[in-house]
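Peer 1: The structure is given below, and queries will be raised subsequently.
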Amino acid sequence: MDVGVPPLVDLLTDEDLIARMQAGETAAPLTELERRYGKRLYHMVRGMLRDAHLAQDVTQEVFQKVLLKYDLYRLGTNFRAWIFEVARNQALTAIRARQRRPRPVSSLATAADGNVFEMLAAPATDRGLEEAEFMAAFQQALDELPPHYRSVFELCVRQERTYEDAGKELGLPTGTVAIRIMRARKRLFTALREHLGRLRRPPACFQA
C-alpha cells in the first residue's frame with residue numbers, strides 16, 4: 001500500500017460500516033466504529049458516572065450493544081445520534097443500578113437526626129439522574145459545536161487556560177478567542193436550556 005493512502009475502511013461512512021455488519025462482516029467495521037467514537041463516548045459516559053473504571057466498562061458495553069443490536073439501527077438515520085443515545089441509556093442504567101445498592105449502615109450513622117431506619121426506607125433521590133442526563137446532553141452539545149468554537153471552549157473552559165495562552169496555541173488574537181468562547185456558551189445554553197431549568201444552579205462553564 002502506498003504511503004499516505006488511507007486504508008479503505010477510513011473512506012467508508014458510518015452507514016457503510018453498519019451495512020457491512022448487516023451483511024455479515026463484523027470485526028473490521030466494529031473496530032473502525034470504536035476508533036471513531038470510543039474516546040468521545042468514554043468522555044460523555046465518564047462525565048455522567050464520575051467514575052473512570054465504570055465508564056470504561058460502560059463504553060465497552062456500548063460497543064457490545066452495537067455488535068449485538070446493530071440490526072436495530074435504521075439505515076438513513078443519524079448513526080452518531082443513535083450510538084450516543086445507546087451510550088446515554090447504558091450510563092443511566094449503570095447509575096440506577098448503583099443507586100439501588102444498599103448503603104452500609106456505618107455510612108448512615110452520621111445522619112443529623114440519627115434515625116438510620118428512616119434513611120434506609122427513604123427513596124433514592126433523582127438528583128443524580130438529572131445531573132447525569134445533563135452531562136450527557138452537555139457532552140453531545142459540545143461535540144456538535146463547530147470545531148473552531150469547540151477548540152477554544154476545550155482549552156479555556158475545560159482546561160482552564162487563559163485566553164492569551166489559547167490564542168498562542170491556536171494562532172488567534174486574544175479578542176477572537178473571547179468572542180468564540182462567548183458564542184460557544186450561547187450555543188450550548190440554547191441547546192441545554194431545558195436541562196438547565198431542572199438544575200439547582202447553572203454549571204460554572206456557563207458563567208463568564
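Residues are referred to by chain and number: the chain letter is A, B, ... according to the order shown in the C-alpha cells, the number counts from 1 in that chain, and ligands are numbered separately from 1 in the order shown.
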Name the residues in contact with His148 (chain A) at a cut-off of 10 Å, using only C-alpha atoms, excluding same-chain residues fewer than 6 positions from it; report them as a PDB file with N, CA, C and O atoms, in the first residue's frame.
Peer 2:
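Written out: around15.pdb:
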```
ATOM      1  N   LEU A 170      -3.489  28.357  19.328  1.00  0.00           N
ATOM      2  CA  LEU A 170      -4.325  28.235  18.134  1.00  0.00           C
ATOM      3  C   LEU A 170      -3.967  29.243  17.044  1.00  0.00           C
ATOM      4  O   LEU A 170      -4.538  29.188  15.947  1.00  0.00           O
ATOM      5  N   VAL A 177     -10.483  34.768  20.464  1.00  0.00           N
ATOM      6  CA  VAL A 177     -10.746  33.674  21.400  1.00  0.00           C
ATOM      7  C   VAL A 177     -11.927  34.037  22.293  1.00  0.00           C
ATOM      8  O   VAL A 177     -12.837  33.219  22.509  1.00  0.00           O
ATOM      9  N   ARG A 180     -15.217  33.804  20.441  1.00  0.00           N
ATOM     10  CA  ARG A 180     -15.617  32.416  20.177  1.00  0.00           C
ATOM     11  C   ARG A 180     -16.113  31.719  21.441  1.00  0.00           C
ATOM     12  O   ARG A 180     -17.044  30.914  21.387  1.00  0.00           O
ATOM     13  N   ILE A 181     -15.486  32.027  22.571  1.00  0.00           N
ATOM     14  CA  ILE A 181     -15.964  31.467  23.838  1.00  0.00           C
ATOM     15  C   ILE A 181     -17.384  31.953  24.105  1.00  0.00           C
ATOM     16  O   ILE A 181     -18.270  31.165  24.499  1.00  0.00           O
ATOM     17  N   ALA A 184     -19.720  30.169  21.772  1.00  0.00           N
ATOM     18  CA  ALA A 184     -19.855  28.758  22.135  1.00  0.00           C
ATOM     19  C   ALA A 184     -20.795  28.599  23.322  1.00  0.00           C
ATOM     20  O   ALA A 184     -21.667  27.721  23.335  1.00  0.00           O
TER      21      ALA A 184
END
```
Peer 1: Give me the residues within 10 Å of region 44-51 of chain A as an NGL selection string, counting only C-alpha atoms and dropping any in the same chain fewer than 2 places off.
Peer 2: :A and (39-42 or 53-59 or 84 or 87-92 or 94-95 or 98 or 128-140 or 143)
Peer 1: Find the residues around Arg36 (chain A) up to 12 Å (only C-alpha atoms counted), leave out those fewer than 4 positions away in its own chain, and share them as a list in words.
Peer 2: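 Surrounding residues, per the criterion: Val9, Asp10, Leu12, Thr13, Asp14, Leu17, Pro29, Leu30, Thr31, Glu32, Arg40, Leu41, Tyr42, Phe63, Phe79, Arg80 and Ile83 of chain A.
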Peer 1: Please identify all polymer residues within 12 Å of Leu75 (chain A), counting only C-alpha atoms, omitting same-chain residues fewer than 6 positions from it, and present them as a JSON list (two decimals) with N, CA, C and O atoms, in the first residue's frame.
Peer 2:
```
[["chain", "number", "residue", "atom", "x", "y", "z"],
["A", 13, "THR", "N", -18.36, 5.53, 5.18],
["A", 13, "THR", "CA", -19.19, 6.27, 6.13],
["A", 13, "THR", "C", -19.64, 5.34, 7.24],
["A", 13, "THR", "O", -19.50, 4.10, 7.14],
["A", 14, "ASP", "N", -20.18, 5.93, 8.30],
["A", 14, "ASP", "CA", -20.74, 5.11, 9.38],
["A", 14, "ASP", "C", -21.80, 4.15, 8.84],
["A", 14, "ASP", "O", -21.87, 2.99, 9.23],
["A", 15, "GLU", "N", -22.62, 4.66, 7.94],
["A", 15, "GLU", "CA", -23.67, 3.83, 7.36],
["A", 15, "GLU", "C", -23.10, 2.67, 6.55],
["A", 15, "GLU", "O", -23.62, 1.56, 6.59],
["A", 16, "ASP", "N", -22.00, 2.94, 5.83],
["A", 16, "ASP", "CA", -21.35, 1.86, 5.08],
["A", 16, "ASP", "C", -20.89, 0.76, 6.02],
["A", 16, "ASP", "O", -21.03, -0.44, 5.72],
["A", 17, "LEU", "N", -20.34, 1.17, 7.17],
["A", 17, "LEU", "CA", -19.84, 0.18, 8.14],
["A", 17, "LEU", "C", -20.99, -0.66, 8.71],
["A", 17, "LEU", "O", -20.87, -1.88, 8.84],
["A", 18, "ILE", "N", -22.10, 0.00, 9.05],
["A", 18, "ILE", "CA", -23.24, -0.74, 9.57],
["A", 18, "ILE", "C", -23.81, -1.66, 8.49],
["A", 18, "ILE", "O", -24.21, -2.81, 8.76],
["A", 19, "ALA", "N", -23.85, -1.19, 7.25],
["A", 19, "ALA", "CA", -24.35, -2.03, 6.15],
["A", 19, "ALA", "C", -23.49, -3.27, 6.01],
["A", 19, "ALA", "O", -24.00, -4.37, 5.75],
["A", 20, "ARG", "N", -22.18, -3.13, 6.19],
["A", 20, "ARG", "CA", -21.29, -4.29, 6.12],
["A", 20, "ARG", "C", -21.57, -5.27, 7.26],
["A", 20, "ARG", "O", -21.54, -6.49, 7.07],
["A", 21, "MET", "N", -21.85, -4.70, 8.45],
["A", 21, "MET", "CA", -22.18, -5.57, 9.58],
["A", 21, "MET", "C", -23.49, -6.31, 9.32],
["A", 21, "MET", "O", -23.61, -7.50, 9.61],
["A", 22, "GLN", "N", -24.44, -5.61, 8.75],
["A", 22, "GLN", "CA", -25.71, -6.25, 8.46],
["A", 22, "GLN", "C", -25.58, -7.29, 7.35],
["A", 22, "GLN", "O", -26.41, -8.19, 7.24],
["A", 82, "TRP", "N", -27.61, 7.98, 17.18],
["A", 82, "TRP", "CA", -28.07, 6.68, 17.67],
["A", 82, "TRP", "C", -27.09, 6.09, 18.67],
["A", 82, "TRP", "O", -27.49, 5.64, 19.75]]
```
Peer 1: Counting only C-alpha atoms, figure out which residue out of A:His43, A:Lys168, A:Ala141, A:Ala81 gets nearest to Arg193 (chain A).
Peer 2: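 For Arg193 (chain A), the nearest of the candidates is A:Ala141.
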Peer 1: Point out the residue among A:Arg187, A:Ala97, A:Ala52, A:Leu11 with the least atom-to-atom distance to Pro146 (chain A), counting only C-alpha atoms.
Peer 2: A:Arg187
Peer 1: Any idea what the distance is between CA of Leu72 (chain A) and CA of Ala27 (chain A)?
Peer 2: 18.1 Å
Peer 1: Quick one: everything within 12 Å of Gly171 (chain A), counting only C-alpha atoms, minus sequence neighbours fewer than 6 positions away in the same chain. Send it as a PDB file with all heavy atoms, in the first residue's frame.
Peer 2:
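So the final result, stored in result_30.pdb, reads:
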```pdb
ATOM      1  N   HIS A 148     -14.141  25.277  15.392  1.00  0.00           N
ATOM      2  CA  HIS A 148     -13.427  26.476  15.841  1.00  0.00           C
ATOM      3  C   HIS A 148     -13.980  27.002  17.167  1.00  0.00           C
ATOM      4  O   HIS A 148     -13.271  27.691  17.902  1.00  0.00           O
ATOM      5  CB  HIS A 148     -13.463  27.574  14.768  1.00  0.00           C
ATOM      6  CG  HIS A 148     -14.827  27.988  14.340  1.00  0.00           C
ATOM      7  ND1 HIS A 148     -15.644  27.198  13.558  1.00  0.00           N
ATOM      8  CD2 HIS A 148     -15.531  29.130  14.565  1.00  0.00           C
ATOM      9  CE1 HIS A 148     -16.776  27.830  13.329  1.00  0.00           C
ATOM     10  NE2 HIS A 148     -16.745  29.006  13.928  1.00  0.00           N
ATOM     11  N   SER A 151     -12.772  24.036  19.976  1.00  0.00           N
ATOM     12  CA  SER A 151     -11.361  24.038  20.361  1.00  0.00           C
ATOM     13  C   SER A 151     -11.071  25.092  21.433  1.00  0.00           C
ATOM     14  O   SER A 151     -10.364  24.807  22.410  1.00  0.00           O
ATOM     15  CB  SER A 151     -10.478  24.274  19.129  1.00  0.00           C
ATOM     16  OG  SER A 151     -10.780  25.514  18.512  1.00  0.00           O
ATOM     17  N   VAL A 152     -11.635  26.301  21.284  1.00  0.00           N
ATOM     18  CA  VAL A 152     -11.365  27.327  22.291  1.00  0.00           C
ATOM     19  C   VAL A 152     -12.103  27.013  23.590  1.00  0.00           C
ATOM     20  O   VAL A 152     -11.598  27.295  24.687  1.00  0.00           O
ATOM     21  CB  VAL A 152     -11.746  28.736  21.788  1.00  0.00           C
ATOM     22  CG1 VAL A 152     -10.871  29.130  20.610  1.00  0.00           C
ATOM     23  CG2 VAL A 152     -13.214  28.831  21.417  1.00  0.00           C
ATOM     24  N   TYR A 163      -7.211  33.076  27.916  1.00  0.00           N
ATOM     25  CA  TYR A 163      -7.496  33.400  26.521  1.00  0.00           C
ATOM     26  C   TYR A 163      -6.196  33.637  25.754  1.00  0.00           C
ATOM     27  O   TYR A 163      -6.061  33.257  24.590  1.00  0.00           O
ATOM     28  CB  TYR A 163      -8.375  34.650  26.429  1.00  0.00           C
ATOM     29  CG  TYR A 163      -9.805  34.459  26.896  1.00  0.00           C
ATOM     30  CD1 TYR A 163     -10.263  33.229  27.374  1.00  0.00           C
ATOM     31  CD2 TYR A 163     -10.703  35.521  26.862  1.00  0.00           C
ATOM     32  CE1 TYR A 163     -11.564  33.066  27.791  1.00  0.00           C
ATOM     33  CE2 TYR A 163     -12.019  35.365  27.273  1.00  0.00           C
ATOM     34  CZ  TYR A 163     -12.447  34.140  27.745  1.00  0.00           C
ATOM     35  OH  TYR A 163     -13.741  33.978  28.160  1.00  0.00           O
ATOM     36  N   GLU A 164      -5.232  34.277  26.427  1.00  0.00           N
ATOM     37  CA  GLU A 164      -3.960  34.570  25.770  1.00  0.00           C
ATOM     38  C   GLU A 164      -3.216  33.279  25.423  1.00  0.00           C
ATOM     39  O   GLU A 164      -2.691  33.130  24.309  1.00  0.00           O
ATOM     40  CB  GLU A 164      -3.096  35.447  26.683  1.00  0.00           C
ATOM     41  CG  GLU A 164      -1.797  35.881  26.039  1.00  0.00           C
ATOM     42  CD  GLU A 164      -0.973  36.791  26.951  1.00  0.00           C
ATOM     43  OE1 GLU A 164      -1.405  37.033  28.097  1.00  0.00           O
ATOM     44  OE2 GLU A 164       0.091  37.257  26.490  1.00  0.00           O
ATOM     45  N   ASP A 165      -3.166  32.334  26.361  1.00  0.00           N
ATOM     46  CA  ASP A 165      -2.493  31.056  26.107  1.00  0.00           C
ATOM     47  C   ASP A 165      -3.174  30.295  24.977  1.00  0.00           C
ATOM     48  O   ASP A 165      -2.505  29.725  24.099  1.00  0.00           O
ATOM     49  CB  ASP A 165      -2.485  30.195  27.367  1.00  0.00           C
ATOM     50  CG  ASP A 165      -1.471  30.663  28.392  1.00  0.00           C
ATOM     51  OD1 ASP A 165      -0.600  31.489  28.022  1.00  0.00           O
ATOM     52  OD2 ASP A 165      -1.546  30.217  29.548  1.00  0.00           O
ATOM     53  N   VAL A 177     -10.483  34.768  20.464  1.00  0.00           N
ATOM     54  CA  VAL A 177     -10.746  33.674  21.400  1.00  0.00           C
ATOM     55  C   VAL A 177     -11.927  34.037  22.293  1.00  0.00           C
ATOM     56  O   VAL A 177     -12.837  33.219  22.509  1.00  0.00           O
ATOM     57  CB  VAL A 177      -9.496  33.371  22.259  1.00  0.00           C
ATOM     58  CG1 VAL A 177      -9.825  32.353  23.356  1.00  0.00           C
ATOM     59  CG2 VAL A 177      -8.366  32.848  21.379  1.00  0.00           C
TER      60      VAL A 177
END
```
Peer 1: Between CA of Ala23 (chain A) and CA of Thr77 (chain A), what is the distance, to one decimal in Å?
Peer 2: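 According to the coordinates, CA of Ala23 (chain A) and CA of Thr77 (chain A) are separated by 18.0 Å.
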Peer 1: Do you have the CA of Glu34 (chain A)-CA of Arg74 (chain A) distance handy?
Peer 2: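 One can read the CA of Glu34 (chain A) to CA of Arg74 (chain A) distance as 19.0 Å.
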